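**Student:** Starting off with a structure, shown below.
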Amino acid sequence: MNGNFRLSCILIGVLVSGCVDTVKISYPAASEIHPEFDRTYTSWNGERVEVNWTPTLQAESAKHLAKYDRVLLANSIREKGLRNEYKIAGKGTPLVVYTKNRHSTPKEQHYPSSGIVLGITAVKETRPRQVPLLKLYDSFDPAVVRSAAGADPIAANYTATLAVLYSHARKVAGSSFASFIRPDNPRFATGIYLIHPYDPNKIPILFIHGLLGSPLSWQNLTNELCSDPKILEHYQPWFFLYPTGQPVLESAAQLREDLQTTQRLALWNVFATKPLNSLTLSVEEKDLILQYFFFRHQASIDRVIFLCVPHRGSSLAGGVVGSVGNRLIRRSKNPARALKELAAEYPGILDPYYARVNARGGPTSLFSIAPNPLLSGLAALPIKVPFHSIIGNLGVDLGPDSSDGLVTYRSAHLEGAESEKIIPAGHYLMANPETVAEIKRILEENIARRARR
């Protein structure tokens, strides 16, 4: 990705993603085919055809289509792990094209290391006294999605495409615990990842997983969103992957590095007892503090959806479970060292809570989401874009102390939300039908509002 485009996106975040079932696929041997899409002519069902790449194919897609590692007939794929199957009946043959990620270009750093997967539809058109034309379409392109509502729809199989992608990502899902307890040595690089080539005409939805999670935590929700043509036409999913054992501020700093920035906002005074400009710091120390505590409003963010987010902390993270977890996690070196050096050079500078954290070896993600002054300061900051809250409730009406099992309503509630939806479910509600319906409603309203601008 380059930084020269005006990014506008929807942000969806959750506290704890938890473990997910790995998607598994199977298919008959005859489902794997070997067309030569990079040639002028190829063989299709035993017939010579002329290859035609339609304008629906982005340049990035075309590159992977020309040098694929595997092409599968999408409707022959059987998957286990996704709750529903979404496809469009119509003309043509849906295909899933898999290419290994060779990391040969900067753009490929933003695709899953497990491989790049394309949903393609091949449509054969006969021509009088000429070789038939084999037209190749990107199944996720808005023109293809819109065709489903017309008289001549183009076939597509969205679930098969996602299933192949997720089936190759087992190591990503399996790395979540290791990156929780060893955050300084994650198996996969921190960053924003795309699962389809970037389309400048679509709005990104940026999914941010929680503790012990990975982008695969969203696999069922992502698939469910494929059931809505309006969302398929107007949005594209992006995912932020990070080691969940590191302090929240470190993860947030890494996320901000991957998004455009415009306006400064400070948290330092919530964390420390002395103004930053009163300290004599090395360049390295000052850069680290600026990176963590002084951040800019993201002009690229259009709207935010919070799912069970503990804006004021979760007592579970500060209790027995948190105590055990903090003993397992190997502290991130940079934050731990910075905290230790600040406390040694400026006695009394740390807020009492973070002084105790420093005495216990430094911050972790669990220390960061236990109720603490820094989270209270964050919760009090104004949110400069429309935002929505989706909150779980296990069914016991305790007012502000009602809970989804991990996060209380008191912690998840934020004044000023454009909408707040209570879901009768526990914390792991990402793929709950009511959650999916609410997210679809918000995304469709966002499309309508943009159209009225």
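By convention in this document, the chains of the structure tokens carry letters A, B, ... by their order, each chain's residues are numbered from 1, and ligands are numbered from 1 in the order they are shown.
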DSSP says strand (DSSP E or B) for which residues of stretch 164-209 of chain A? Put them as number ranges by chain?

**Tutor:** A: 191-194, 203-208

**Student:** Compile a residue-level contact table for stretch 9-117 of chain A against stretch 182-203 of chain A at a cut-off of 12 Å, reporting for every qualifying residue the shortest atom pair and its distance in Å to one decimal, with only C-alpha atoms counted, rows ordered by chain and ascending number, as a tab-separated table.

**Tutor:**
```
residue	atom	partner	partner_atom	distance
A:Cys9	CA	A:Ile203	CA	5.4
A:Ile10	CA	A:Ile203	CA	7.4
A:Leu11	CA	A:Ile203	CA	10.7
A:Thr56	CA	A:Asp199	CA	10.2
A:Leu57	CA	A:Pro197	CA	9.5
A:Gln58	CA	A:Pro197	CA	7.3
A:Ala59	CA	A:Pro197	CA	8.7
A:Glu60	CA	A:Pro197	CA	6.1
A:Ser61	CA	A:Pro197	CA	6.2
A:Ala62	CA	A:Pro197	CA	9.8
A:Lys63	CA	A:Pro197	CA	10.4
A:His64	CA	A:Pro197	CA	9.8
A:Leu65	CA	A:Pro197	CA	11.6
A:Val97	CA	A:His196	CA	11.6
A:Tyr98	CA	A:His196	CA	11.6
A:Asn101	CA	A:Ile195	CA	11.6
A:Lys107	CA	A:Pro197	CA	9.1
A:Glu108	CA	A:Leu194	CA	9.3
A:Gln109	CA	A:Tyr193	CA	8.0
A:His110	CA	A:Tyr193	CA	4.6
A:Tyr111	CA	A:Leu194	CA	5.2
A:Pro112	CA	A:Tyr193	CA	6.4
A:Ser113	CA	A:Phe188	CA	8.0
A:Ser114	CA	A:Phe188	CA	10.2
A:Gly115	CA	A:Ile195	CA	9.2
A:Ile116	CA	A:Ile195	CA	7.0
A:Val117	CA	A:His196	CA	7.2
```

**Student:** Could you state the separation of atom CA of A:Leu374 and atom CA of A:Ser282 in Å, given to one decimal place?

**Tutor:**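 Separating atom CA of A:Leu374 from atom CA of A:Ser282 is a distance of 24.1 Å.
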
**Student:** Would you list the contacts of stretch 127-137 of chain A as a ChimeraX atom specification, taking every protein, DNA or RNA residue within 12 Å and counting only C-alpha atoms, but skipping same-chain residues closer than 5 positions in sequence?

**Tutor:** /A:35-45,47-58,61-62,65-66,91-97,118-122,142-145,147,154-156

**Student:** How about saving the chosen residues, C-alpha atoms kept, as an mmCIF file, in the first residue's frame?

**Tutor:**
```cif
data_model
loop_
_atom_site.group_PDB
_atom_site.id
_atom_site.type_symbol
_atom_site.label_atom_id
_atom_site.label_comp_id
_atom_site.auth_asym_id
_atom_site.auth_seq_id
_atom_site.Cartn_x
_atom_site.Cartn_y
_atom_site.Cartn_z
ATOM 1 C CA PRO A 35 -5.762 -23.104 -17.244
ATOM 2 C CA GLU A 36 -3.099 -20.780 -18.704
ATOM 3 C CA PHE A 37 -4.611 -17.418 -17.881
ATOM 4 C CA ASP A 38 -1.440 -15.554 -18.850
ATOM 5 C CA ARG A 39 -1.640 -16.767 -22.467
ATOM 6 C CA THR A 40 -3.747 -15.365 -25.288
ATOM 7 C CA TYR A 41 -5.401 -18.769 -25.677
ATOM 8 C CA THR A 42 -5.979 -21.614 -23.231
ATOM 9 C CA SER A 43 -7.936 -24.831 -22.952
ATOM 10 C CA TRP A 44 -11.282 -24.686 -21.135
ATOM 11 C CA ASN A 45 -13.270 -27.919 -20.691
ATOM 12 C CA GLU A 47 -12.019 -26.465 -25.878
ATOM 13 C CA ARG A 48 -9.626 -23.791 -27.142
ATOM 14 C CA VAL A 49 -10.725 -20.339 -25.916
ATOM 15 C CA GLU A 50 -9.370 -16.797 -26.016
ATOM 16 C CA VAL A 51 -8.594 -15.365 -22.564
ATOM 17 C CA ASN A 52 -10.139 -11.970 -21.779
ATOM 18 C CA TRP A 53 -9.321 -10.134 -18.550
ATOM 19 C CA THR A 54 -12.275 -7.857 -17.795
ATOM 20 C CA PRO A 55 -11.870 -4.394 -16.188
ATOM 21 C CA THR A 56 -13.130 -5.877 -12.902
ATOM 22 C CA LEU A 57 -9.636 -7.286 -12.315
ATOM 23 C CA GLN A 58 -7.333 -4.886 -10.469
ATOM 24 C CA SER A 61 -5.219 -9.327 -8.959
ATOM 25 C CA ALA A 62 -4.065 -9.853 -12.521
ATOM 26 C CA LEU A 65 -3.863 -14.678 -11.526
ATOM 27 C CA ALA A 66 -1.055 -14.993 -14.068
ATOM 28 C CA LYS A 91 -23.608 -17.548 -15.638
ATOM 29 C CA GLY A 92 -20.021 -18.730 -15.545
ATOM 30 C CA THR A 93 -17.875 -20.945 -13.347
ATOM 31 C CA PRO A 94 -16.704 -19.651 -9.938
ATOM 32 C CA LEU A 95 -13.025 -20.365 -9.247
ATOM 33 C CA VAL A 96 -10.709 -19.968 -6.279
ATOM 34 C CA VAL A 97 -7.168 -18.976 -7.230
ATOM 35 C CA LEU A 118 -8.749 -14.593 -5.317
ATOM 36 C CA GLY A 119 -12.392 -15.277 -6.121
ATOM 37 C CA ILE A 120 -12.655 -15.386 -9.915
ATOM 38 C CA THR A 121 -15.538 -16.213 -12.235
ATOM 39 C CA ALA A 122 -14.818 -17.517 -15.733
ATOM 40 C CA PRO A 142 -18.894 -4.112 -7.398
ATOM 41 C CA ALA A 143 -19.986 -4.757 -11.007
ATOM 42 C CA VAL A 144 -20.190 -8.497 -10.342
ATOM 43 C CA VAL A 145 -21.987 -7.982 -7.026
ATOM 44 C CA SER A 147 -25.191 -8.171 -11.426
ATOM 45 C CA ILE A 154 -22.587 -13.544 -12.852
ATOM 46 C CA ALA A 155 -22.037 -16.592 -10.628
ATOM 47 C CA ALA A 156 -19.842 -16.258 -7.531
#
```

**Student:** May I ask which of the residues A:Ser411, A:Thr105, A:Asn223, A:Ser300 is the closest one to A:Ala163, counting only C-alpha atoms?

**Tutor:**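 Closest candidate: A:Asn223.
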
**Student:** Calculated over only C-alpha atoms, which of the candidates A:Ile33, A:Ile181, A:Ile447, A:Val172 has the smallest distance to A:Arg70?

**Tutor:**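 Once distances to A:Arg70 are computed over only C-alpha atoms, the minimum belongs to A:Ile33.
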
**Student:** Give me, please, the distance in Å between atom CA of A:Arg441 and atom CA of A:Gly395, quoted to one decimal.

**Tutor:** 23.7 Å

**Student:** What is the distance, in Å and to one decimal place, between atom CA of A:Lys384 and atom CA of A:Ile423?

**Tutor:**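 Atom CA of A:Ile423 lies 25.5 Å from atom CA of A:Lys384.
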